[in-house]
file final00.cif (mmCIF, C-alpha atoms)
data_query
loop_
_atom_site.label_atom_id
_atom_site.label_comp_id
_atom_site.auth_asym_id
_atom_site.auth_seq_id
_atom_site.Cartn_x
_atom_site.Cartn_y
_atom_site.Cartn_z
CA MET A 1 -27.60 24.88 25.73
CA ASP A 2 -24.16 26.30 25.25
CA SER A 3 -22.66 26.09 21.81
CA SER A 4 -19.20 24.66 21.68
CA ALA A 5 -16.86 23.41 19.06
CA ALA A 6 -18.16 19.94 19.77
CA ASP A 7 -21.62 21.02 18.58
CA LEU A 8 -20.31 21.49 15.04
CA LYS A 9 -19.36 17.83 14.80
CA PRO A 10 -21.73 14.85 14.99
CA LEU A 11 -22.76 14.14 18.59
CA ILE A 12 -22.80 10.40 17.99
CA ASN A 13 -20.90 8.31 15.46
CA VAL A 14 -21.82 4.66 14.99
CA ARG A 15 -19.38 2.77 12.78
CA ASN A 16 -19.86 -0.77 11.48
CA VAL A 17 -21.58 -1.93 14.63
CA SER A 18 -22.64 -5.58 14.76
CA PHE A 19 -24.10 -7.42 17.72
CA HIS A 20 -25.06 -11.00 18.51
CA TYR A 21 -27.07 -12.42 21.40
CA GLY A 22 -25.24 -15.75 21.59
CA SER A 23 -25.37 -17.07 18.04
CA ILE A 24 -28.35 -14.92 17.07
CA PRO A 25 -27.40 -11.86 15.02
CA VAL A 26 -29.24 -8.72 16.09
CA LEU A 27 -27.35 -5.95 14.33
CA LYS A 28 -25.23 -6.15 11.19
CA GLU A 29 -22.75 -3.49 10.11
CA VAL A 30 -24.77 -0.46 11.22
CA THR A 31 -23.17 2.89 10.40
CA PHE A 32 -24.71 6.32 10.88
CA SER A 33 -24.27 9.55 12.80
CA ILE A 34 -26.49 11.84 14.85
CA ASN A 35 -26.01 15.58 14.47
CA PRO A 36 -26.80 18.41 16.88
CA GLY A 37 -30.46 19.48 16.69
CA ASP A 38 -31.69 16.25 15.08
CA PHE A 39 -35.03 14.80 16.09
CA LEU A 40 -34.35 11.24 15.02
CA ALA A 41 -36.88 8.43 15.05
CA ILE A 42 -35.48 4.90 15.06
CA ILE A 43 -38.12 2.64 13.59
CA GLY A 44 -38.27 -0.99 12.55
CA PRO A 45 -40.17 -4.21 13.17
CA ASN A 46 -40.06 -6.08 16.46
CA GLY A 47 -36.67 -7.72 16.98
CA SER A 48 -34.95 -5.44 14.47
CA GLY A 49 -32.36 -4.32 17.03
CA LYS A 50 -33.62 -0.82 17.88
CA THR A 51 -33.25 -1.07 21.66
CA THR A 52 -30.01 -3.02 21.30
CA LEU A 53 -28.56 -0.25 19.12
CA VAL A 54 -29.46 2.45 21.66
CA LYS A 55 -28.01 0.37 24.50
CA ILE A 56 -24.78 -0.03 22.53
CA ILE A 57 -24.65 3.74 21.90
CA LEU A 58 -25.11 4.34 25.64
CA GLY A 59 -22.45 1.82 26.62
CA LEU A 60 -24.92 -0.55 28.29
CA LEU A 61 -23.98 -3.30 25.82
CA LYS A 62 -20.67 -3.96 24.09
CA PRO A 63 -20.88 -4.45 20.33
CA SER A 64 -19.52 -7.67 18.86
CA ARG A 65 -17.81 -5.52 16.24
CA GLY A 66 -17.58 -1.85 15.42
CA GLU A 67 -17.26 1.34 17.38
CA VAL A 68 -19.40 4.08 18.92
CA ARG A 69 -18.11 7.59 19.59
CA ILE A 70 -19.89 10.18 21.70
CA LEU A 71 -18.69 13.75 21.18
CA GLY A 72 -15.63 12.30 19.48
CA GLN A 73 -14.69 9.97 22.33
CA PRO A 74 -15.04 6.17 22.30
CA VAL A 75 -18.05 5.31 24.43
CA GLU A 76 -15.87 3.22 26.79
CA GLU A 77 -13.83 6.32 27.62
CA PHE A 78 -16.69 8.82 27.68
CA PHE A 79 -17.25 10.22 31.17
CA ASP A 80 -19.39 13.34 30.76
CA TRP A 81 -22.65 11.46 31.13
CA ASN A 82 -24.64 14.45 32.32
CA ARG A 83 -24.72 15.51 28.66
CA ILE A 84 -26.83 12.44 27.94
CA GLY A 85 -30.43 11.91 29.05
CA TYR A 86 -32.08 8.51 28.84
CA VAL A 87 -35.62 7.26 29.34
CA PRO A 88 -35.54 3.43 29.21
CA GLN A 89 -38.24 1.30 27.65
CA LYS A 90 -39.38 -0.19 30.92
CA ALA A 91 -39.64 3.15 32.64
CA THR A 92 -43.36 2.71 33.20
CA HIS A 93 -42.88 -0.67 34.86
CA ILE A 94 -41.94 0.66 38.25
CA ASP A 95 -42.87 -0.62 41.66
CA PRO A 96 -46.04 1.33 42.55
CA LEU A 97 -45.00 1.32 46.21
CA PHE A 98 -41.49 2.64 45.62
CA PRO A 99 -40.93 5.22 48.39
CA ALA A 100 -39.89 8.24 46.33
CA SER A 101 -41.69 11.47 45.51
CA ILE A 102 -41.62 12.98 42.04
CA LYS A 103 -39.04 15.61 42.93
CA GLU A 104 -36.86 12.91 44.52
CA VAL A 105 -37.04 10.86 41.33
CA VAL A 106 -36.02 13.85 39.20
CA ALA A 107 -33.23 14.75 41.65
CA MET A 108 -31.80 11.22 41.36
CA GLU A 109 -30.01 12.43 38.25
CA PHE A 110 -27.87 14.73 40.39
CA HIS A 111 -26.46 11.89 42.43
CA ALA A 112 -24.30 10.53 39.66
CA VAL A 113 -20.59 11.21 40.00
CA SER A 114 -20.62 13.94 37.36
CA SER A 115 -23.02 16.14 39.35
CA ARG A 116 -21.09 16.32 42.61
CA GLY A 117 -20.33 19.78 43.93
CA MET A 118 -23.55 21.39 42.72
CA ARG A 119 -25.27 23.51 45.37
CA LYS A 120 -28.49 22.20 46.91
CA ARG A 121 -30.42 25.38 46.00
CA ASP A 122 -29.34 25.10 42.36
CA LYS A 123 -30.42 21.48 42.29
CA GLU A 124 -33.86 22.38 43.66
CA LEU A 125 -34.28 25.12 41.06
CA SER A 126 -33.22 22.76 38.27
CA VAL A 127 -35.69 20.11 39.44
CA ALA A 128 -38.50 22.68 39.59
CA ARG A 129 -37.67 23.96 36.10
CA ALA A 130 -37.48 20.45 34.60
CA LEU A 131 -40.85 19.56 36.10
CA GLN A 132 -42.29 22.79 34.75
CA GLN A 133 -40.99 21.97 31.26
CA VAL A 134 -42.93 18.71 31.25
CA GLY A 135 -46.02 20.21 32.90
CA MET A 136 -45.69 18.33 36.18
CA GLU A 137 -44.89 21.22 38.50
CA ASP A 138 -48.11 20.76 40.50
CA PHE A 139 -47.30 17.19 41.50
CA THR A 140 -43.87 17.53 43.09
CA SER A 141 -44.65 15.82 46.39
CA ARG A 142 -46.79 13.01 45.00
CA ARG A 143 -45.37 9.50 45.19
CA ILE A 144 -44.16 8.33 41.77
CA GLY A 145 -46.22 5.13 41.96
CA SER A 146 -49.45 7.08 42.36
CA LEU A 147 -49.18 8.65 38.88
CA SER A 148 -50.61 7.38 35.60
CA GLY A 149 -48.29 5.91 32.96
CA GLY A 150 -48.26 9.10 30.90
CA GLN A 151 -47.51 11.26 33.94
CA GLN A 152 -44.72 8.91 34.98
CA GLN A 153 -43.19 9.21 31.52
CA ARG A 154 -43.22 12.99 31.87
CA VAL A 155 -41.43 12.68 35.20
CA PHE A 156 -38.81 10.38 33.66
CA ILE A 157 -38.27 12.89 30.88
CA ALA A 158 -37.90 15.63 33.51
CA ARG A 159 -35.27 13.46 35.19
CA ALA A 160 -33.51 12.94 31.87
CA ILE A 161 -33.40 16.68 31.03
CA VAL A 162 -32.72 18.09 34.50
CA ASN A 163 -28.98 18.20 33.84
CA LYS A 164 -29.56 20.04 30.54
CA PRO A 165 -28.32 17.21 28.32
CA HIS A 166 -27.20 17.74 24.76
CA ILE A 167 -28.98 14.61 23.63
CA LEU A 168 -32.02 12.77 24.91
CA PHE A 169 -32.69 9.08 24.19
CA LEU A 170 -36.22 7.72 24.58
CA ASP A 171 -37.10 4.06 24.12
CA GLU A 172 -40.76 3.72 23.12
CA PRO A 173 -41.83 6.53 25.43
CA THR A 174 -45.53 6.41 24.57
CA THR A 175 -46.03 2.76 25.50
CA GLY A 176 -49.09 2.61 27.73
CA VAL A 177 -50.02 6.21 27.06
CA ASP A 178 -53.44 7.21 25.69
CA THR A 179 -53.80 8.94 22.30
CA GLU A 180 -54.54 12.41 23.66
CA THR A 181 -51.61 12.29 26.05
CA GLN A 182 -49.38 11.04 23.21
CA ASP A 183 -50.16 14.19 21.21
CA HIS A 184 -49.25 16.43 24.17
CA PHE A 185 -46.20 14.31 24.74
CA TYR A 186 -44.91 14.74 21.18
CA ASP A 187 -45.61 18.48 21.32
CA MET A 188 -43.51 18.61 24.47
CA LEU A 189 -40.64 16.74 22.75
CA ASP A 190 -40.95 19.12 19.80
CA SER A 191 -40.60 22.05 22.16
CA LEU A 192 -37.54 20.51 23.85
CA ASN A 193 -35.99 19.98 20.43
CA LYS A 194 -36.78 23.35 18.88
CA LYS A 195 -36.76 25.73 21.87
CA GLU A 196 -34.21 24.08 24.15
CA GLY A 197 -32.06 22.76 21.31
CA ILE A 198 -31.94 19.24 22.74
CA THR A 199 -31.13 16.57 20.18
CA ILE A 200 -33.71 13.80 20.49
CA VAL A 201 -33.36 10.15 19.54
CA MET A 202 -36.56 8.19 19.94
CA ILE A 203 -37.34 4.54 19.32
CA THR A 204 -40.92 4.20 18.21
CA HIS A 205 -43.37 1.95 16.41
CA ASP A 206 -45.64 4.90 15.78
CA ILE A 207 -45.24 5.70 12.08
CA GLY A 208 -47.56 8.69 12.52
CA ILE A 209 -44.94 10.64 14.42
CA VAL A 210 -42.55 10.34 11.47
CA ASN A 211 -44.84 12.57 9.40
CA THR A 212 -45.54 15.12 12.08
CA HIS A 213 -42.58 15.70 14.37
CA VAL A 214 -39.24 14.13 13.49
CA SER A 215 -36.59 15.54 11.18
CA GLN A 216 -34.60 12.35 10.62
CA VAL A 217 -35.50 8.68 10.33
CA ALA A 218 -33.32 5.63 10.84
CA CYS A 219 -35.07 2.51 9.67
CA LEU A 220 -33.58 -0.64 11.11
CA ASN A 221 -34.06 -4.29 10.32
CA GLN A 222 -30.84 -5.76 11.69
CA ARG A 223 -29.13 -3.67 9.01
CA LEU A 224 -29.70 0.04 8.58
CA VAL A 225 -32.28 0.03 5.81
CA TYR A 226 -32.63 3.80 5.61
CA HIS A 227 -31.22 6.91 7.25
CA GLY A 228 -32.20 10.38 6.14
CA THR A 229 -34.91 13.03 6.28
CA HIS A 230 -38.50 12.03 6.96
CA GLU A 231 -39.66 13.55 3.65
CA ASP A 232 -37.33 11.29 1.68
CA PHE A 233 -38.20 8.33 3.87
CA CYS A 234 -41.90 8.59 3.05
CA ARG A 235 -41.02 8.38 -0.66
CA SER A 236 -38.39 5.70 -0.20
CA LYS A 237 -38.45 2.04 -1.16
CA ALA A 238 -37.65 1.13 2.44
CA PHE A 239 -40.89 2.73 3.62
CA LYS A 240 -43.00 0.97 0.97
CA ASP A 241 -41.25 -2.34 1.61
CA MET A 242 -41.89 -2.11 5.32
CA LEU A 243 -45.56 -1.35 4.87
CA ALA A 244 -45.97 -4.03 2.17
CA GLY A 245 -43.98 -6.58 4.16
CA GLY A 246 -46.33 -6.40 7.13
CA HIS A 247 -43.59 -5.62 9.59
CA HIS A 248 -46.07 -4.33 12.16
CA LEU A 249 -44.88 -0.83 11.37
CA VAL A 250 -48.30 0.63 11.93
CA SER A 251 -49.68 3.12 14.34
CA HIS A 252 -48.75 1.37 17.56
CA ARG A 253 -50.93 2.59 20.37
CA HIS A 254 -51.35 0.56 23.55
CA MET B 1 -26.26 -4.68 72.73
CA ALA B 2 -24.86 -6.76 69.86
CA GLY B 3 -28.41 -7.43 68.74
CA ILE B 4 -29.17 -3.71 68.55
CA PHE B 5 -26.15 -2.98 66.40
CA VAL B 6 -26.80 -5.92 64.09
CA ALA B 7 -30.41 -4.75 63.82
CA VAL B 8 -29.21 -1.30 62.73
CA ALA B 9 -27.01 -2.81 60.01
CA CYS B 10 -29.77 -5.17 58.85
CA ALA B 11 -32.40 -2.42 58.77
CA LEU B 12 -30.27 -0.09 56.66
CA LEU B 13 -29.24 -2.76 54.17
CA GLY B 14 -32.70 -4.30 54.22
CA VAL B 15 -34.33 -1.20 52.73
CA PHE B 16 -32.37 -1.63 49.50
CA LEU B 17 -32.54 -5.42 49.46
CA ILE B 18 -36.32 -5.42 49.76
CA LEU B 19 -36.75 -2.71 47.11
CA ARG B 20 -34.42 -4.70 44.82
CA ARG B 21 -36.58 -7.77 45.49
CA ASP B 22 -33.67 -9.57 47.10
CA SER B 23 -35.41 -9.89 50.45
CA MET B 24 -34.64 -13.62 50.69
CA ILE B 25 -30.90 -13.07 50.41
CA GLY B 26 -30.39 -13.19 54.20
CA HIS B 27 -32.14 -16.54 54.29
CA GLY B 28 -30.17 -17.87 51.32
CA LEU B 29 -26.78 -16.71 52.56
CA ALA B 30 -27.46 -18.19 55.99
CA HIS B 31 -27.92 -21.59 54.30
CA VAL B 32 -24.69 -21.10 52.39
CA THR B 33 -22.96 -19.96 55.57
CA PHE B 34 -24.02 -23.19 57.23
CA ALA B 35 -22.03 -25.02 54.54
CA GLY B 36 -19.08 -22.72 55.22
CA VAL B 37 -19.20 -23.36 58.96
CA ALA B 38 -19.51 -27.10 58.37
CA LEU B 39 -16.50 -26.95 56.03
CA GLY B 40 -14.49 -25.00 58.59
CA LEU B 41 -15.31 -27.46 61.36
CA PHE B 42 -14.67 -30.40 59.04
CA LEU B 43 -11.23 -29.05 58.13
CA ASN B 44 -10.63 -27.90 61.68
CA ILE B 45 -10.08 -24.32 60.54
CA ILE B 46 -11.65 -21.23 62.15
CA PRO B 47 -15.25 -21.63 60.90
CA LEU B 48 -16.06 -17.91 60.86
CA GLY B 49 -13.32 -17.14 58.34
CA ILE B 50 -14.35 -19.96 56.00
CA ALA B 51 -18.03 -19.09 56.41
CA LEU B 52 -17.31 -15.46 55.60
CA ALA B 53 -15.38 -16.35 52.44
CA VAL B 54 -18.06 -18.81 51.31
CA ALA B 55 -20.87 -16.32 51.99
CA VAL B 56 -19.14 -13.48 50.11
CA LEU B 57 -18.43 -15.75 47.14
CA ALA B 58 -22.01 -17.02 47.19
CA ALA B 59 -23.39 -13.47 47.36
CA LEU B 60 -21.28 -12.44 44.39
CA GLY B 61 -22.32 -15.65 42.61
CA ILE B 62 -25.99 -14.80 43.18
CA MET B 63 -25.39 -11.34 41.76
CA LYS B 64 -23.63 -12.70 38.66
CA LEU B 65 -26.27 -15.40 38.13
CA LYS B 66 -29.01 -12.76 38.18
CA GLU B 67 -27.12 -10.59 35.73
CA LYS B 68 -25.86 -13.22 33.28
CA ALA B 69 -28.79 -15.64 33.28
CA GLY B 70 -31.44 -12.95 33.68
CA LEU B 71 -32.97 -14.72 36.67
CA TYR B 72 -35.14 -13.12 39.33
CA GLY B 73 -33.21 -12.49 42.54
CA ASP B 74 -35.21 -15.00 44.54
CA THR B 75 -34.61 -17.73 41.94
CA ALA B 76 -30.85 -17.24 42.05
CA ILE B 77 -30.95 -17.11 45.86
CA ALA B 78 -32.97 -20.34 46.02
CA ILE B 79 -30.39 -22.15 43.85
CA PHE B 80 -27.51 -21.13 46.11
CA SER B 81 -29.57 -21.70 49.23
CA SER B 82 -30.41 -25.31 48.33
CA VAL B 83 -26.87 -26.10 47.26
CA GLY B 84 -25.48 -24.51 50.44
CA LEU B 85 -27.75 -26.42 52.78
CA ALA B 86 -27.13 -29.69 50.94
CA ALA B 87 -23.36 -29.14 51.03
CA GLY B 88 -23.54 -28.39 54.77
CA ILE B 89 -25.45 -31.59 55.49
CA VAL B 90 -23.04 -33.64 53.36
CA LEU B 91 -20.04 -32.19 55.16
CA ALA B 92 -21.62 -32.70 58.58
CA THR B 93 -22.41 -36.31 57.64
CA LEU B 94 -18.87 -36.88 56.39
CA ALA B 95 -17.58 -35.62 59.71
CA ARG B 96 -19.64 -38.47 61.24
CA SER B 97 -20.12 -36.72 64.56
CA TYR B 98 -22.05 -33.45 64.85
CA ASN B 99 -19.94 -30.98 66.62
CA VAL B 100 -21.92 -28.99 69.17
CA ASP B 101 -20.50 -25.80 67.61
CA LEU B 102 -22.29 -26.59 64.37
CA PHE B 103 -25.62 -26.61 66.21
CA GLY B 104 -24.65 -23.34 67.83
CA TYR B 105 -24.20 -21.79 64.41
CA LEU B 106 -27.24 -23.60 63.03
CA PHE B 107 -29.72 -22.27 65.58
CA GLY B 108 -27.96 -19.20 66.95
CA ASP B 109 -27.74 -18.14 70.55
CA ILE B 110 -27.61 -14.47 71.42
CA LEU B 111 -26.65 -15.30 75.02
CA ALA B 112 -23.53 -17.12 73.83
CA ILE B 113 -22.08 -14.02 72.20
CA GLU B 114 -18.59 -13.11 73.31
CA THR B 115 -17.26 -9.63 74.00
CA SER B 116 -15.19 -9.65 70.83
CA GLU B 117 -18.32 -10.40 68.80
CA VAL B 118 -20.11 -7.47 70.43
CA TRP B 119 -17.35 -5.17 69.27
CA LEU B 120 -17.44 -6.80 65.86
CA SER B 121 -21.14 -6.02 65.58
CA VAL B 122 -20.50 -2.39 66.63
CA ALA B 123 -17.76 -2.04 64.01
CA LEU B 124 -19.98 -3.61 61.37
CA ALA B 125 -22.89 -1.29 62.16
CA VAL B 126 -20.59 1.74 61.97
CA VAL B 127 -19.26 0.63 58.57
CA VAL B 128 -22.76 -0.04 57.23
CA VAL B 129 -24.09 3.33 58.48
CA PHE B 130 -21.11 5.12 56.97
CA VAL B 131 -21.38 3.36 53.59
CA VAL B 132 -25.15 3.86 53.37
CA ILE B 133 -24.96 7.57 54.27
CA LEU B 134 -22.18 8.07 51.73
CA ASN B 135 -23.98 6.22 48.93
CA TYR B 136 -27.65 6.57 49.89
CA HIS B 137 -28.79 8.50 46.81
CA ARG B 138 -26.80 6.35 44.41
CA PHE B 139 -28.16 3.16 46.01
CA MET B 140 -31.67 4.58 45.62
CA TYR B 141 -31.09 5.54 41.98
CA MET B 142 -29.71 2.16 40.96
CA THR B 143 -32.49 0.42 42.92
CA PHE B 144 -35.17 2.50 41.21
CA ASP B 145 -33.81 2.43 37.66
CA ARG B 146 -30.60 0.49 37.13
CA GLU B 147 -30.13 1.33 33.44
CA ALA B 148 -30.80 5.05 33.78
CA ALA B 149 -28.43 5.17 36.76
CA LYS B 150 -25.71 3.54 34.68
CA VAL B 151 -26.19 5.98 31.83
CA SER B 152 -25.98 8.86 34.32
CA GLY B 153 -22.53 7.71 35.35
CA VAL B 154 -23.39 5.89 38.58
CA LYS B 155 -20.92 3.02 39.03
CA VAL B 156 -23.72 0.50 39.38
CA GLY B 157 -21.48 -2.58 39.17
CA ARG B 158 -19.19 -1.43 42.00
CA LEU B 159 -22.10 -0.34 44.21
CA GLU B 160 -23.85 -3.67 43.72
CA VAL B 161 -20.70 -5.51 44.76
CA LEU B 162 -20.41 -3.23 47.81
CA LEU B 163 -24.01 -3.85 48.82
CA THR B 164 -23.67 -7.58 48.25
CA VAL B 165 -20.44 -7.93 50.22
CA LEU B 166 -21.82 -5.88 53.11
CA THR B 167 -24.90 -8.08 53.16
CA ALA B 168 -22.79 -11.24 53.25
CA VAL B 169 -20.57 -9.88 56.01
CA THR B 170 -23.61 -8.81 58.05
CA VAL B 171 -25.16 -12.24 57.72
CA VAL B 172 -22.00 -14.06 58.70
CA SER B 173 -20.04 -12.07 61.21
CA PRO B 174 -22.05 -11.42 64.36
CA GLY B 175 -25.35 -12.26 62.77
CA ILE B 176 -24.76 -15.96 62.60
CA ARG B 177 -24.26 -16.15 66.35
CA ILE B 178 -27.34 -14.06 66.97
CA GLY B 179 -29.76 -15.27 64.36
CA GLY B 180 -28.16 -18.53 63.40
CA HIS B 181 -29.67 -20.43 60.56
CA PRO B 182 -33.04 -18.83 59.85
CA GLY B 183 -34.68 -22.22 59.56
CA GLY B 184 -33.93 -22.73 63.23
CA CYS B 185 -36.73 -20.30 64.10
CA ARG B 186 -34.99 -19.35 67.29
CA SER B 187 -33.41 -16.14 66.11
CA SER B 188 -33.51 -13.45 68.74
CA ALA B 189 -32.37 -10.54 66.61
CA GLY B 190 -33.40 -12.12 63.31
CA ILE B 191 -30.97 -11.82 60.44
CA GLN B 192 -33.72 -12.06 57.85
CA PHE B 193 -33.96 -8.80 55.91
#
call {"tool": "encode", "arguments": {"input": "final00.cif", "output": "structure tokens"}}
result
Amino acid sequence: MDSSAADLKPLINVRNVSFHYGSIPVLKEVTFSINPGDFLAIIGPNGSGKTTLVKIILGLLKPSRGEVRILGQPVEEFFDWNRIGYVPQKATHIDPLFPASIKEVVAMEFHAVSSRGMRKRDKELSVARALQQVGMEDFTSRRIGSLSGGQQQRVFIARAIVNKPHILFLDEPTTGVDTETQDHFYDMLDSLNKKEGITIVMITHDIGIVNTHVSQVACLNQRLVYHGTHEDFCRSKAFKDMLAGGHHLVSHRH
Amino acid sequence: MAGIFVAVACALLGVFLILRRDSMIGHGLAHVTFAGVALGLFLNIIPLGIALAVAVLAALGIMKLKEKAGLYGDTAIAIFSSVGLAAGIVLATLARSYNVDLFGYLFGDILAIETSEVWLSVALAVVVVFVVILNYHRFMYMTFDREAAKVSGVKVGRLEVLLTVLTAVTVVSPGIRIGGHPGGCRSSAGIQF
């Protein structure tokens, strides 16, 4: 990761963002920022607007009100998308017969407009390195549909980091992944955050990860209930309220 | 010869349509095209032009319906398909006498193809091959993971319109004379994807 002037400022600024699906409010006046090096967990009960918020940040949805800035630019005008990696929620729900090998899936990231002009050899090296980072270097020619859910998630993370993004978004990445693989998975994210310097934003229902891996917590329930360090969160009223209120904010392993 | 070139265009587009679970779109657009041809004959205007416009609009409508209403592709296609066939029958009935041309378009006849239509099919195949080669990886990315492709900067909306319009043009232009209405079961080159 190269350090630039942009790294000194927040990577993402979310200001007064509200969103409605029809007449149903999903997000109300959400304001927070994400700084370089953060490992941020976005938590909250089902229907609290976590995925909607991330989609708004990534420009996949337009907010009803408010503004999102990425690296200082309004999201509508942002064009340097190879700085952003994204692993969607439904990533594991792929067609098992889809005719693409693992290295082809990872290389898909290079075919966006922003990656034109890169040499083929450099692309191959980047794909190999990304797969090595997620421990999937021995499976390069396997068809994506033949992998387990946890292995597929690793491949999707490799795809998301192959362009060396500054920030990586993951939407419930451990859905459908067994407990042992989850632990390896979080260790891998930790390594990406601490060794590679990639800022990580992860939506999760798994409260356990808040105590072990993340540095920041954003607790959402339509409004931003809490945003700060995980140590403070565990002592906060928001944390106690969520546990007492039975908001399904429990260890969420499928 | 026209059949070979149409087959090339259909095969290339078909890969993406099937992976996107839009495999019935050829069937659906052929029904809609039938309404377009009937309208053209009813108004005594060149049927191919009207059919092309109707098919392109229907294809874009199917795309929007999927996106806005969150429907499966085949559901949206079935809606347009039924409406198209019904509209075609209504128009043909209003015309009171079935024009023999309408049956030609309905069932298709590869032997009735004219030289100009052969060249049209060649041009179409060249355009499809060119577009697919140019956009192959981006088509694959958006087919595999639409949201991730969008976040990576792939212009998913534009590419979907391109794919949809090419599909509609392929169904209508030479394909309708070769394959005709798929329900006719007499298609020689088969416009079904």
call {"tool": "interface_residues", "arguments": {"input": "final00.cif", "of": "chain A", "to": "chain B", "cutoff": "6 Å", "atoms": "all atoms listed in the file", "output": "ChimeraX atom specification"}}
result
/A:81,108,111-112
call {"tool": "atom_distance", "arguments": {"input": "final00.cif", "atom1": "CA of Ala76 in chain B", "atom2": "CA of Ala58 in chain B"}}
result
10.2 Å
call {"tool": "resolve_selection", "arguments": {"input": "final00.cif", "expression": "the PyMOL selection byres ((chain A and resi 32) around 6)", "output": "ChimeraX atom specification"}}
result
/A:14,31,33
call {"tool": "resolve_selection", "arguments": {"input": "final00.cif", "expression": "the PyMOL selection byres ((chain B and resi 72) around 12)", "output": "JSON, numbers by chain"}}
result
{"B": [20, 21, 22, 23, 24, 25, 62, 63, 64, 65, 66, 67, 68, 69, 70, 71, 73, 74, 75, 76, 77, 78, 79]}
call {"tool": "resolve_selection", "arguments": {"input": "final00.cif", "expression": "the PyMOL selection byres ((chain A and resi 147) around 12)", "output": "JSON, numbers by chain"}}
result
{"A": [92, 93, 94, 95, 96, 97, 98, 100, 101, 102, 136, 139, 140, 141, 142, 143, 144, 145, 146, 148, 149, 150, 151, 152, 153, 154, 155, 156]}
call {"tool": "atom_distance", "arguments": {"input": "final00.cif", "atom1": "CA of Met118 in chain A", "atom2": "CA of Pro99 in chain A"}}
result
24.4 Å
call {"tool": "residues_around", "arguments": {"input": "final00.cif", "residues": "Phe19 in chain A", "least_positions_apart": "6", "cutoff": "7 Å", "atoms": "all atoms listed in the file", "output": "mmCIF file with C-alpha atoms, in the frame of the given file"}}
result
data_model
loop_
_atom_site.group_PDB
_atom_site.id
_atom_site.type_symbol
_atom_site.label_atom_id
_atom_site.label_comp_id
_atom_site.auth_asym_id
_atom_site.auth_seq_id
_atom_site.Cartn_x
_atom_site.Cartn_y
_atom_site.Cartn_z
ATOM 1 C CA PRO A 25 -27.400 -11.860 15.020
ATOM 2 C CA VAL A 26 -29.240 -8.720 16.090
ATOM 3 C CA LEU A 27 -27.350 -5.950 14.330
ATOM 4 C CA LYS A 28 -25.230 -6.150 11.190
ATOM 5 C CA PRO A 63 -20.880 -4.450 20.330
ATOM 6 C CA SER A 64 -19.520 -7.670 18.860
ATOM 7 C CA ARG A 65 -17.810 -5.520 16.240
#
call {"tool": "atom_distance", "arguments": {"input": "final00.cif", "atom1": "CA of His31 in chain B", "atom2": "CA of Ser82 in chain B"}}
result
7.5 Å
call {"tool": "residues_near_point", "arguments": {"input": "final00.cif", "point": "(-28.2, 17.7, 19.4)", "cutoff": "10 Å", "atoms": "only C-alpha atoms", "output": "number ranges by chain"}}
result
A: 1, 7-12, 34-40, 165-168, 193, 196-201
